[in-house]
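Q: Below is the file data05.pdb, which contains PDB, C-alpha atoms, pLDDT in the B column.
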```pdb
ATOM      1  CA  MET A   1     -37.866 -81.333 -26.726  1.00 50.00           C
ATOM      2  CA  ASN A   2     -39.403 -77.917 -26.732  1.00 53.00           C
ATOM      3  CA  GLN A   3     -37.047 -75.152 -25.959  1.00 52.00           C
ATOM      4  CA  ARG A   4     -38.440 -72.636 -23.615  1.00 53.00           C
ATOM      5  CA  THR A   5     -37.682 -69.044 -24.175  1.00 52.00           C
ATOM      6  CA  VAL A   6     -36.205 -67.631 -21.023  1.00 53.00           C
ATOM      7  CA  ALA A   7     -36.879 -63.937 -20.540  1.00 55.00           C
ATOM      8  CA  LYS A   8     -33.741 -61.998 -19.804  1.00 58.00           C
ATOM      9  CA  ILE A   9     -33.959 -59.948 -16.657  1.00 57.00           C
ATOM     10  CA  PRO A  10     -32.085 -56.643 -17.016  1.00 59.00           C
ATOM     11  CA  LYS A  11     -29.222 -56.282 -14.629  1.00 62.00           C
ATOM     12  CA  ALA A  12     -29.517 -53.600 -12.004  1.00 58.00           C
ATOM     13  CA  PRO A  13     -27.102 -50.759 -12.571  1.00 59.00           C
ATOM     14  CA  LYS A  14     -24.025 -50.850 -10.435  1.00 61.00           C
ATOM     15  CA  LYS A  15     -24.108 -48.506  -7.536  1.00 59.00           C
ATOM     16  CA  THR A  16     -21.332 -45.974  -7.627  1.00 59.00           C
ATOM     17  CA  ALA A  17     -19.978 -44.114  -4.666  1.00 55.00           C
ATOM     18  CA  PRO A  18     -21.058 -40.473  -4.480  1.00 61.00           C
ATOM     19  CA  ALA A  19     -18.529 -38.063  -5.888  1.00 58.00           C
ATOM     20  CA  VAL A  20     -16.233 -36.597  -3.298  1.00 62.00           C
ATOM     21  CA  ALA A  21     -15.975 -32.830  -3.457  1.00 59.00           C
ATOM     22  CA  SER A  22     -12.397 -31.906  -4.148  1.00 57.00           C
ATOM     23  CA  PRO A  23     -10.878 -29.539  -1.610  1.00 59.00           C
ATOM     24  CA  TRP A  24      -8.821 -28.059  -4.438  1.00 55.00           C
ATOM     25  CA  ALA A  25     -10.682 -25.535  -6.522  1.00 58.00           C
ATOM     26  CA  VAL A  26     -10.446 -25.653 -10.289  1.00 63.00           C
ATOM     27  CA  ALA A  27      -7.737 -23.539 -11.859  1.00 62.00           C
ATOM     28  CA  PRO A  28      -9.864 -20.461 -12.739  1.00 68.00           C
ATOM     29  CA  ASP A  29     -11.309 -20.359  -9.209  1.00 78.00           C
ATOM     30  CA  ARG A  30      -7.884 -20.676  -7.646  1.00 78.00           C
ATOM     31  CA  GLU A  31      -6.572 -17.852  -9.773  1.00 83.00           C
ATOM     32  CA  GLN A  32      -9.528 -15.616  -8.884  1.00 86.00           C
ATOM     33  CA  GLN A  33      -9.082 -16.339  -5.184  1.00 88.00           C
ATOM     34  CA  ARG A  34      -5.380 -15.611  -5.381  1.00 87.00           C
ATOM     35  CA  GLU A  35      -5.987 -12.341  -7.206  1.00 90.00           C
ATOM     36  CA  ALA A  36      -8.619 -11.292  -4.662  1.00 91.00           C
ATOM     37  CA  LYS A  37      -6.242 -12.006  -1.778  1.00 92.00           C
ATOM     38  CA  ARG A  38      -3.390 -10.227  -3.512  1.00 93.00           C
ATOM     39  CA  ASN A  39      -5.582  -7.175  -4.040  1.00 93.00           C
ATOM     40  CA  ALA A  40      -6.523  -7.258  -0.351  1.00 94.00           C
ATOM     41  CA  VAL A  41      -2.811  -7.182   0.520  1.00 95.00           C
ATOM     42  CA  LEU A  42      -2.296  -4.148  -1.730  1.00 95.00           C
ATOM     43  CA  GLN A  43      -5.354  -2.344  -0.365  1.00 95.00           C
ATOM     44  CA  ALA A  44      -4.231  -2.870   3.236  1.00 95.00           C
ATOM     45  CA  ALA A  45      -0.697  -1.767   2.395  1.00 95.00           C
ATOM     46  CA  ALA A  46      -1.899   1.382   0.620  1.00 95.00           C
ATOM     47  CA  GLN A  47      -4.032   2.346   3.603  1.00 95.00           C
ATOM     48  CA  LEU A  48      -1.098   1.903   5.984  1.00 95.00           C
ATOM     49  CA  PHE A  49       1.298   3.797   3.710  1.00 95.00           C
ATOM     50  CA  ASN A  50      -1.192   6.663   3.655  1.00 94.00           C
ATOM     51  CA  GLU A  51      -1.672   6.605   7.427  1.00 93.00           C
ATOM     52  CA  ARG A  52       1.905   6.056   8.623  1.00 93.00           C
ATOM     53  CA  GLY A  53       4.175   6.604   5.644  1.00 93.00           C
ATOM     54  CA  PHE A  54       6.089   4.059   3.576  1.00 93.00           C
ATOM     55  CA  HIS A  55       9.171   3.720   5.794  1.00 93.00           C
ATOM     56  CA  ALA A  56       7.161   3.521   9.013  1.00 94.00           C
ATOM     57  CA  THR A  57       5.094   0.600   7.685  1.00 95.00           C
ATOM     58  CA  SER A  58       6.457  -2.945   7.875  1.00 95.00           C
ATOM     59  CA  LEU A  59       5.297  -6.222   6.390  1.00 95.00           C
ATOM     60  CA  ASP A  60       4.348  -7.248   9.931  1.00 95.00           C
ATOM     61  CA  ASP A  61       2.004  -4.248  10.073  1.00 96.00           C
ATOM     62  CA  ILE A  62       0.377  -5.246   6.780  1.00 95.00           C
ATOM     63  CA  ALA A  63      -0.020  -8.855   7.939  1.00 95.00           C
ATOM     64  CA  ALA A  64      -1.543  -7.702  11.228  1.00 95.00           C
ATOM     65  CA  ARG A  65      -4.028  -5.475   9.385  1.00 95.00           C
ATOM     66  CA  LEU A  66      -5.155  -8.555   7.417  1.00 94.00           C
ATOM     67  CA  SER A  67      -5.030 -10.926  10.435  1.00 94.00           C
ATOM     68  CA  VAL A  68      -2.580 -13.250   8.685  1.00 93.00           C
ATOM     69  CA  THR A  69       1.022 -14.240   9.305  1.00 93.00           C
ATOM     70  CA  LYS A  70       3.897 -12.445   7.646  1.00 94.00           C
ATOM     71  CA  PRO A  71       4.980 -15.567   5.633  1.00 93.00           C
ATOM     72  CA  THR A  72       1.484 -15.643   4.123  1.00 93.00           C
ATOM     73  CA  LEU A  73       2.187 -12.347   2.360  1.00 92.00           C
ATOM     74  CA  TYR A  74       5.020 -13.905   0.373  1.00 92.00           C
ATOM     75  CA  TYR A  75       2.496 -16.019  -1.546  1.00 91.00           C
ATOM     76  CA  TYR A  76       1.281 -12.796  -3.158  1.00 92.00           C
ATOM     77  CA  VAL A  77       4.152 -10.278  -3.099  1.00 91.00           C
ATOM     78  CA  LYS A  78       7.946 -10.392  -3.035  1.00 91.00           C
ATOM     79  CA  ASN A  79       8.731  -7.508  -0.729  1.00 92.00           C
ATOM     80  CA  LYS A  80       7.588  -4.066   0.410  1.00 93.00           C
ATOM     81  CA  ASP A  81       9.128  -2.337  -2.615  1.00 92.00           C
ATOM     82  CA  GLU A  82       7.012  -4.449  -4.950  1.00 92.00           C
ATOM     83  CA  ILE A  83       3.912  -3.642  -2.911  1.00 94.00           C
ATOM     84  CA  LEU A  84       4.542   0.084  -3.260  1.00 93.00           C
ATOM     85  CA  LEU A  85       5.197  -0.272  -6.988  1.00 93.00           C
ATOM     86  CA  GLN A  86       1.892  -2.084  -7.480  1.00 94.00           C
ATOM     87  CA  CYS A  87      -0.049   0.413  -5.355  1.00 94.00           C
ATOM     88  CA  VAL A  88       1.297   3.430  -7.231  1.00 93.00           C
ATOM     89  CA  SER A  89       0.888   1.697 -10.601  1.00 93.00           C
ATOM     90  CA  GLN A  90      -2.751   0.929  -9.881  1.00 93.00           C
ATOM     91  CA  GLY A  91      -3.405   4.523  -8.892  1.00 93.00           C
ATOM     92  CA  LEU A  92      -1.912   5.759 -12.160  1.00 93.00           C
ATOM     93  CA  GLN A  93      -3.661   3.135 -14.269  1.00 93.00           C
ATOM     94  CA  MET A  94      -7.051   3.937 -12.728  1.00 93.00           C
ATOM     95  CA  THR A  95      -6.499   7.616 -13.484  1.00 93.00           C
ATOM     96  CA  LEU A  96      -5.471   7.036 -17.097  1.00 93.00           C
ATOM     97  CA  GLU A  97      -8.395   4.712 -17.758  1.00 93.00           C
ATOM     98  CA  GLY A  98     -10.841   7.146 -16.156  1.00 92.00           C
ATOM     99  CA  ILE A  99      -9.528  10.100 -18.156  1.00 91.00           C
ATOM    100  CA  GLU A 100      -9.698   8.157 -21.400  1.00 90.00           C
ATOM    101  CA  ALA A 101     -13.281   7.040 -20.654  1.00 91.00           C
ATOM    102  CA  SER A 102     -14.249  10.674 -19.974  1.00 87.00           C
ATOM    103  CA  ARG A 103     -12.794  11.785 -23.267  1.00 83.00           C
ATOM    104  CA  GLN A 104     -14.498   8.962 -25.149  1.00 85.00           C
ATOM    105  CA  ALA A 105     -17.847  10.089 -23.715  1.00 85.00           C
ATOM    106  CA  GLY A 106     -17.601  13.152 -25.952  1.00 81.00           C
ATOM    107  CA  GLY A 107     -18.758  16.701 -25.467  1.00 86.00           C
ATOM    108  CA  ASN A 108     -16.912  19.955 -25.923  1.00 91.00           C
ATOM    109  CA  ALA A 109     -13.508  20.626 -24.389  1.00 92.00           C
ATOM    110  CA  VAL A 110     -14.908  22.137 -21.190  1.00 93.00           C
ATOM    111  CA  ASP A 111     -17.247  19.177 -20.616  1.00 93.00           C
ATOM    112  CA  GLN A 112     -14.395  16.734 -21.115  1.00 93.00           C
ATOM    113  CA  LEU A 113     -12.055  18.781 -18.923  1.00 94.00           C
ATOM    114  CA  ARG A 114     -14.569  18.858 -16.069  1.00 94.00           C
ATOM    115  CA  ALA A 115     -15.136  15.097 -16.415  1.00 94.00           C
ATOM    116  CA  CYS A 116     -11.389  14.418 -16.317  1.00 95.00           C
ATOM    117  CA  MET A 117     -11.003  16.662 -13.276  1.00 96.00           C
ATOM    118  CA  GLN A 118     -13.807  14.740 -11.574  1.00 95.00           C
ATOM    119  CA  VAL A 119     -12.057  11.430 -12.268  1.00 94.00           C
ATOM    120  CA  TYR A 120      -8.748  12.731 -10.986  1.00 96.00           C
ATOM    121  CA  ALA A 121     -10.258  14.163  -7.799  1.00 96.00           C
ATOM    122  CA  ASP A 122     -12.206  10.966  -7.099  1.00 96.00           C
ATOM    123  CA  ILE A 123      -9.144   8.727  -7.444  1.00 96.00           C
ATOM    124  CA  VAL A 124      -6.806  10.758  -5.213  1.00 96.00           C
ATOM    125  CA  MET A 125      -9.324  10.198  -2.396  1.00 96.00           C
ATOM    126  CA  GLN A 126      -9.101   6.414  -2.829  1.00 95.00           C
ATOM    127  CA  PRO A 127      -6.303   4.296  -1.244  1.00 94.00           C
ATOM    128  CA  PHE A 128      -4.246   3.693  -4.405  1.00 95.00           C
ATOM    129  CA  GLY A 129      -4.625   7.234  -5.716  1.00 94.00           C
ATOM    130  CA  MET A 130      -3.885   8.705  -2.310  1.00 95.00           C
ATOM    131  CA  CYS A 131      -0.781   6.505  -2.079  1.00 93.00           C
ATOM    132  CA  LEU A 132       0.348   7.922  -5.414  1.00 91.00           C
ATOM    133  CA  ILE A 133       0.158  11.433  -3.943  1.00 93.00           C
ATOM    134  CA  ARG A 134       1.322  10.874  -0.372  1.00 92.00           C
ATOM    135  CA  VAL A 135       4.158   8.435  -1.074  1.00 91.00           C
ATOM    136  CA  GLY A 136       4.828   9.119  -4.737  1.00 84.00           C
ATOM    137  CA  ASP A 137       7.285   7.381  -6.995  1.00 84.00           C
ATOM    138  CA  GLU A 138      10.464   8.631  -5.301  1.00 85.00           C
ATOM    139  CA  GLU A 139      10.650   5.438  -3.233  1.00 84.00           C
ATOM    140  CA  VAL A 140      10.235   3.178  -6.280  1.00 87.00           C
ATOM    141  CA  PRO A 141      13.528   1.824  -7.659  1.00 85.00           C
ATOM    142  CA  GLU A 142      14.537   2.039 -11.299  1.00 86.00           C
ATOM    143  CA  PRO A 143      13.547   1.124 -13.962  1.00 88.00           C
ATOM    144  CA  SER A 144      10.008   1.140 -12.566  1.00 89.00           C
ATOM    145  CA  ARG A 145      10.328   4.781 -11.501  1.00 90.00           C
ATOM    146  CA  THR A 146      10.901   5.885 -15.095  1.00 92.00           C
ATOM    147  CA  GLU A 147       7.838   3.972 -16.272  1.00 90.00           C
ATOM    148  CA  LEU A 148       5.668   5.502 -13.556  1.00 91.00           C
ATOM    149  CA  ARG A 149       6.806   8.985 -14.472  1.00 92.00           C
ATOM    150  CA  ARG A 150       5.986   8.261 -18.104  1.00 92.00           C
ATOM    151  CA  MET A 151       2.439   7.411 -17.032  1.00 91.00           C
ATOM    152  CA  LYS A 152       2.249  10.633 -15.009  1.00 92.00           C
ATOM    153  CA  SER A 153       3.326  12.521 -18.119  1.00 94.00           C
ATOM    154  CA  GLU A 154       0.397  11.016 -20.033  1.00 93.00           C
ATOM    155  CA  ILE A 155      -2.014  12.455 -17.466  1.00 93.00           C
ATOM    156  CA  ASP A 156      -0.372  15.876 -17.711  1.00 94.00           C
ATOM    157  CA  HIS A 157      -0.537  15.911 -21.519  1.00 94.00           C
ATOM    158  CA  ALA A 158      -4.208  14.841 -21.446  1.00 94.00           C
ATOM    159  CA  PHE A 159      -5.014  17.962 -19.413  1.00 95.00           C
ATOM    160  CA  ARG A 160      -2.856  20.139 -21.675  1.00 96.00           C
ATOM    161  CA  ARG A 161      -4.663  18.951 -24.810  1.00 95.00           C
ATOM    162  CA  LEU A 162      -8.079  19.672 -23.323  1.00 94.00           C
ATOM    163  CA  VAL A 163      -7.046  23.130 -22.130  1.00 95.00           C
ATOM    164  CA  ALA A 164      -5.581  23.977 -25.542  1.00 96.00           C
ATOM    165  CA  GLN A 165      -8.724  22.691 -27.245  1.00 95.00           C
ATOM    166  CA  GLY A 166     -10.907  24.788 -24.946  1.00 94.00           C
ATOM    167  CA  VAL A 167      -8.903  27.929 -25.742  1.00 95.00           C
ATOM    168  CA  GLN A 168      -9.218  27.180 -29.442  1.00 95.00           C
ATOM    169  CA  GLU A 169     -12.979  26.692 -29.119  1.00 93.00           C
ATOM    170  CA  GLY A 170     -13.293  29.943 -27.198  1.00 93.00           C
ATOM    171  CA  SER A 171     -14.796  28.283 -24.117  1.00 91.00           C
ATOM    172  CA  LEU A 172     -11.650  28.900 -22.035  1.00 92.00           C
ATOM    173  CA  ALA A 173      -9.799  32.169 -21.588  1.00 92.00           C
ATOM    174  CA  PRO A 174      -6.488  32.440 -23.463  1.00 94.00           C
ATOM    175  CA  CYS A 175      -3.742  30.860 -21.351  1.00 94.00           C
ATOM    176  CA  ASP A 176      -0.612  28.725 -21.446  1.00 96.00           C
ATOM    177  CA  PRO A 177      -1.965  25.127 -21.575  1.00 95.00           C
ATOM    178  CA  LYS A 178       1.166  23.773 -19.900  1.00 96.00           C
ATOM    179  CA  MET A 179       0.939  26.097 -16.912  1.00 96.00           C
ATOM    180  CA  SER A 180      -2.828  25.641 -16.630  1.00 95.00           C
ATOM    181  CA  ALA A 181      -2.484  21.845 -16.693  1.00 95.00           C
ATOM    182  CA  PHE A 182       0.152  22.040 -13.946  1.00 95.00           C
ATOM    183  CA  MET A 183      -2.154  24.187 -11.830  1.00 95.00           C
ATOM    184  CA  ILE A 184      -5.175  21.921 -12.327  1.00 95.00           C
ATOM    185  CA  ALA A 185      -3.353  18.666 -11.565  1.00 94.00           C
ATOM    186  CA  GLY A 186      -1.425  20.226  -8.695  1.00 95.00           C
ATOM    187  CA  ALA A 187      -4.527  21.612  -7.012  1.00 95.00           C
ATOM    188  CA  LEU A 188      -6.471  18.363  -7.392  1.00 96.00           C
ATOM    189  CA  SER A 189      -3.493  16.268  -6.276  1.00 95.00           C
ATOM    190  CA  TRP A 190      -3.311  18.189  -3.030  1.00 95.00           C
ATOM    191  CA  ILE A 191      -6.736  16.823  -2.104  1.00 96.00           C
ATOM    192  CA  GLY A 192      -4.993  13.499  -1.564  1.00 95.00           C
ATOM    193  CA  ARG A 193      -2.799  15.153   1.066  1.00 94.00           C
ATOM    194  CA  TRP A 194      -5.452  16.701   3.271  1.00 94.00           C
ATOM    195  CA  TYR A 195      -8.569  14.598   2.628  1.00 94.00           C
ATOM    196  CA  GLN A 196      -9.648  12.370   5.515  1.00 89.00           C
ATOM    197  CA  PRO A 197     -12.492   9.842   5.137  1.00 87.00           C
ATOM    198  CA  GLY A 198     -15.428  10.487   7.424  1.00 86.00           C
ATOM    199  CA  GLY A 199     -15.048  14.265   7.404  1.00 86.00           C
ATOM    200  CA  ASP A 200     -17.693  16.932   6.967  1.00 89.00           C
ATOM    201  CA  TYR A 201     -17.916  16.408   3.205  1.00 92.00           C
ATOM    202  CA  THR A 202     -18.354  13.310   1.092  1.00 93.00           C
ATOM    203  CA  PRO A 203     -15.756  12.624  -1.624  1.00 94.00           C
ATOM    204  CA  GLU A 204     -18.282  13.754  -4.231  1.00 94.00           C
ATOM    205  CA  GLN A 205     -18.857  17.061  -2.435  1.00 95.00           C
ATOM    206  CA  VAL A 206     -15.117  17.640  -2.070  1.00 96.00           C
ATOM    207  CA  ALA A 207     -14.555  17.026  -5.775  1.00 95.00           C
ATOM    208  CA  GLN A 208     -17.450  19.263  -6.831  1.00 95.00           C
ATOM    209  CA  GLN A 209     -16.396  22.198  -4.648  1.00 95.00           C
ATOM    210  CA  CYS A 210     -12.737  22.008  -5.687  1.00 95.00           C
ATOM    211  CA  ILE A 211     -13.598  21.789  -9.384  1.00 95.00           C
ATOM    212  CA  ALA A 212     -16.037  24.696  -9.097  1.00 94.00           C
ATOM    213  CA  THR A 213     -13.353  26.828  -7.457  1.00 93.00           C
ATOM    214  CA  LEU A 214     -10.805  25.952 -10.135  1.00 93.00           C
ATOM    215  CA  CYS A 215     -13.201  26.644 -12.978  1.00 90.00           C
ATOM    216  CA  ASP A 216     -15.079  29.659 -11.606  1.00 88.00           C
ATOM    217  CA  GLY A 217     -12.465  31.228  -9.333  1.00 84.00           C
ATOM    218  CA  VAL A 218     -12.995  32.885  -5.957  1.00 82.00           C
ATOM    219  CA  LEU A 219     -13.483  36.513  -6.955  1.00 82.00           C
ATOM    220  CA  ARG A 220     -17.042  37.730  -6.914  1.00 77.00           C
ATOM    221  CA  ARG A 221     -18.047  39.027 -10.290  1.00 74.00           C
ATOM    222  CA  PRO A 222     -20.029  42.263 -10.332  1.00 76.00           C
ATOM    223  CA  GLU A 223     -23.634  41.846 -11.282  1.00 75.00           C
ATOM    224  CA  PRO A 224     -24.430  43.190 -14.729  1.00 71.00           C
ATOM    225  CA  LEU A 225     -25.770  46.720 -14.642  1.00 68.00           C
ATOM    226  CA  LYS A 226     -29.452  46.992 -15.375  1.00 69.00           C
ATOM    227  CA  ALA A 227     -30.257  49.239 -18.292  1.00 63.00           C
ATOM    228  CA  ALA A 228     -31.883  52.491 -17.174  1.00 62.00           C
ATOM    229  CA  PRO A 229     -35.451  52.984 -18.440  1.00 65.00           C
ATOM    230  CA  VAL A 230     -35.596  55.088 -21.577  1.00 61.00           C
ATOM    231  CA  LYS A 231     -37.266  58.441 -20.924  1.00 64.00           C
ATOM    232  CA  ARG A 232     -39.312  59.864 -23.720  1.00 61.00           C
ATOM    233  CA  ARG A 233     -38.466  63.444 -24.491  1.00 60.00           C
ATOM    234  CA  ALA A 234     -41.335  65.917 -24.440  1.00 58.00           C
ATOM    235  CA  ALA A 235     -42.417  67.050 -27.903  1.00 57.00           C
ATOM    236  CA  PRO A 236     -41.758  70.690 -28.831  1.00 59.00           C
ATOM    237  CA  ALA A 237     -44.589  73.168 -28.130  1.00 58.00           C
ATOM    238  CA  ALA A 238     -45.274  73.735 -31.828  1.00 56.00           C
ATOM    239  CA  ALA A 239     -45.645  69.998 -32.353  1.00 53.00           C
ATOM    240  CA  ARG A 240     -48.085  69.747 -29.417  1.00 54.00           C
ATOM    241  CA  LYS A 241     -50.242  72.504 -30.872  1.00 54.00           C
ATOM    242  CA  VAL A 242     -50.349  70.808 -34.226  1.00 51.00           C
ATOM    243  CA  SER A 243     -51.351  67.510 -32.709  1.00 51.00           C
ATOM    244  CA  LYS A 244     -54.331  69.168 -30.975  1.00 52.00           C
ATOM    245  CA  LYS A 245     -55.862  70.333 -34.206  1.00 50.00           C
TER     246      LYS A 245
END
```
Give the structure from this file in structure tokens form.
A:
Amino acid sequence: MNQRTVAKIPKAPKKTAPAVASPWAVAPDREQQREAKRNAVLQAAAQLFNERGFHATSLDDIAARLSVTKPTLYYYVKNKDEILLQCVSQGLQMTLEGIEASRQAGGNAVDQLRACMQVYADIVMQPFGMCLIRVGDEEVPEPSRTELRRMKSEIDHAFRRLVAQGVQEGSLAPCDPKMSAFMIAGALSWIGRWYQPGGDYTPEQVAQQCIATLCDGVLRRPEPLKAAPVKRRAAPAAARKVSKK
């Protein structure tokens, strides 16, 4: 009996159900979303602290600004004290990082000093930097207050070093670097007290004008005297007679 070869028909692949999109994001995405929401809480809080003051702002106010419920805030922060600590810390950290980047960019002492002043002025007009000036660290409990003041000291010493370097280079007038650093930081810090967004000047214009005043002063310098034209003296009579011959 002849055996017939039976061709094998390949089986059709099994149909699988389409993958269901998980409503839970993967871990990195969840962490990014949480960080973004936490930062939004801090930004809203800083704005309210600047507008109303720390004690006059409640967690209910912050929640209302974000259009969320008060319990929602507790997913991202513990209490109002922690919010203030984070706001002030971010303002200081932004300033330190900006000053260090300006110094790393190089240039002489005056160039670096102007760049650091620009950074400082820019940040005190932003919510976290403004919160650092308007609320300060006095409301922050220990030991965080000590750490914040250590960071402030780093900013002060950065200005002192640049002033001292400028005096040594001869690009700055002889002065006490400590006192000059206090004056520079104090004057720029005060911008955070009076600056209001949407005013007559942009933040860049405010920074430029304040820095120019600090560096160049307000007294008008007298224009350099022009040298009088040199008058040629008339030659003696005897000399004139000789020259005619």
Q: Residues within 9 Å of region 63-66 of chain A, please, as a CSV table (one decimal) with C-alpha atoms, keeping the file's coordinate frame. Count only C-alpha atoms; anything in the same chain fewer than 6 positions from it doesn't count.
A:
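Below you can see out28.csv, which holds the result:
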```csv
chain,number,residue,atom,x,y,z
A,40,ALA,CA,-6.5,-7.3,-0.4
A,41,VAL,CA,-2.8,-7.2,0.5
A,44,ALA,CA,-4.2,-2.9,3.2
A,45,ALA,CA,-0.7,-1.8,2.4
A,48,LEU,CA,-1.1,1.9,6.0
A,72,THR,CA,1.5,-15.6,4.1
A,73,LEU,CA,2.2,-12.3,2.4
```
Q: Figure out the distance between CA of Gly53 (chain A) and CA of Phe182 (chain A), please, to one decimal in Å.
A: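 CA of Gly53 (chain A) lies 25.3 Å from CA of Phe182 (chain A).
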Q: Please provide the set of residues having any atom within 7 Å of region 112-127 of chain A, restricted to all atoms listed in the file, with same-chain residues fewer than 2 positions apart removed, written as a list in words.
A: Gln43, Ala46, Gln47, Thr95, Gly98, Ile99, Ser102, Arg103, Gly106, Gly107, Asn108, Ala109, Val110, Gly129, Met130, Cys131, Leu162, Leu188, Ser189, Ile191, Gly192, Tyr195, Pro203, Ala207 and Ile211 of chain A
Q: Could you state the separation of CA of Pro177 (chain A) and CA of Ala164 (chain A) in Å, given to one decimal place?
A: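 CA of Ala164 (chain A) lies 5.5 Å from CA of Pro177 (chain A).
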Q: Suppose you want the space between CA of Trp194 (chain A) and CA of Phe49 (chain A); what is it in Å?
A: 14.6 Å
Q: Starting from the shown file, work through the PyMOL selection byres ((chain A and resi 84) around 9) and note down what comes out as a list in words.
A: Leu42, Ala45, Ala46, Phe49, Phe54, Lys80, Asp81, Glu82, Ile83, Leu85, Gln86, Cys87, Val88, Ser89, Cys131, Val135, Asp137, Glu139 and Val140 of chain A
Q: Which residues are close to region 212-223 of chain A, i.e. within 12 Å by only C-alpha atoms, leaving aside same-chain residues fewer than 6 positions away? Reply as a list in words.
A: Val110, Asp111, Leu113, Arg114, Met117, Gln118, Val163, Ser171, Leu172, Ala173, Ser180, Ala181, Met183, Ile184, Ala185, Gly186, Ala187, Leu188, Gln205 and Val206 of chain A
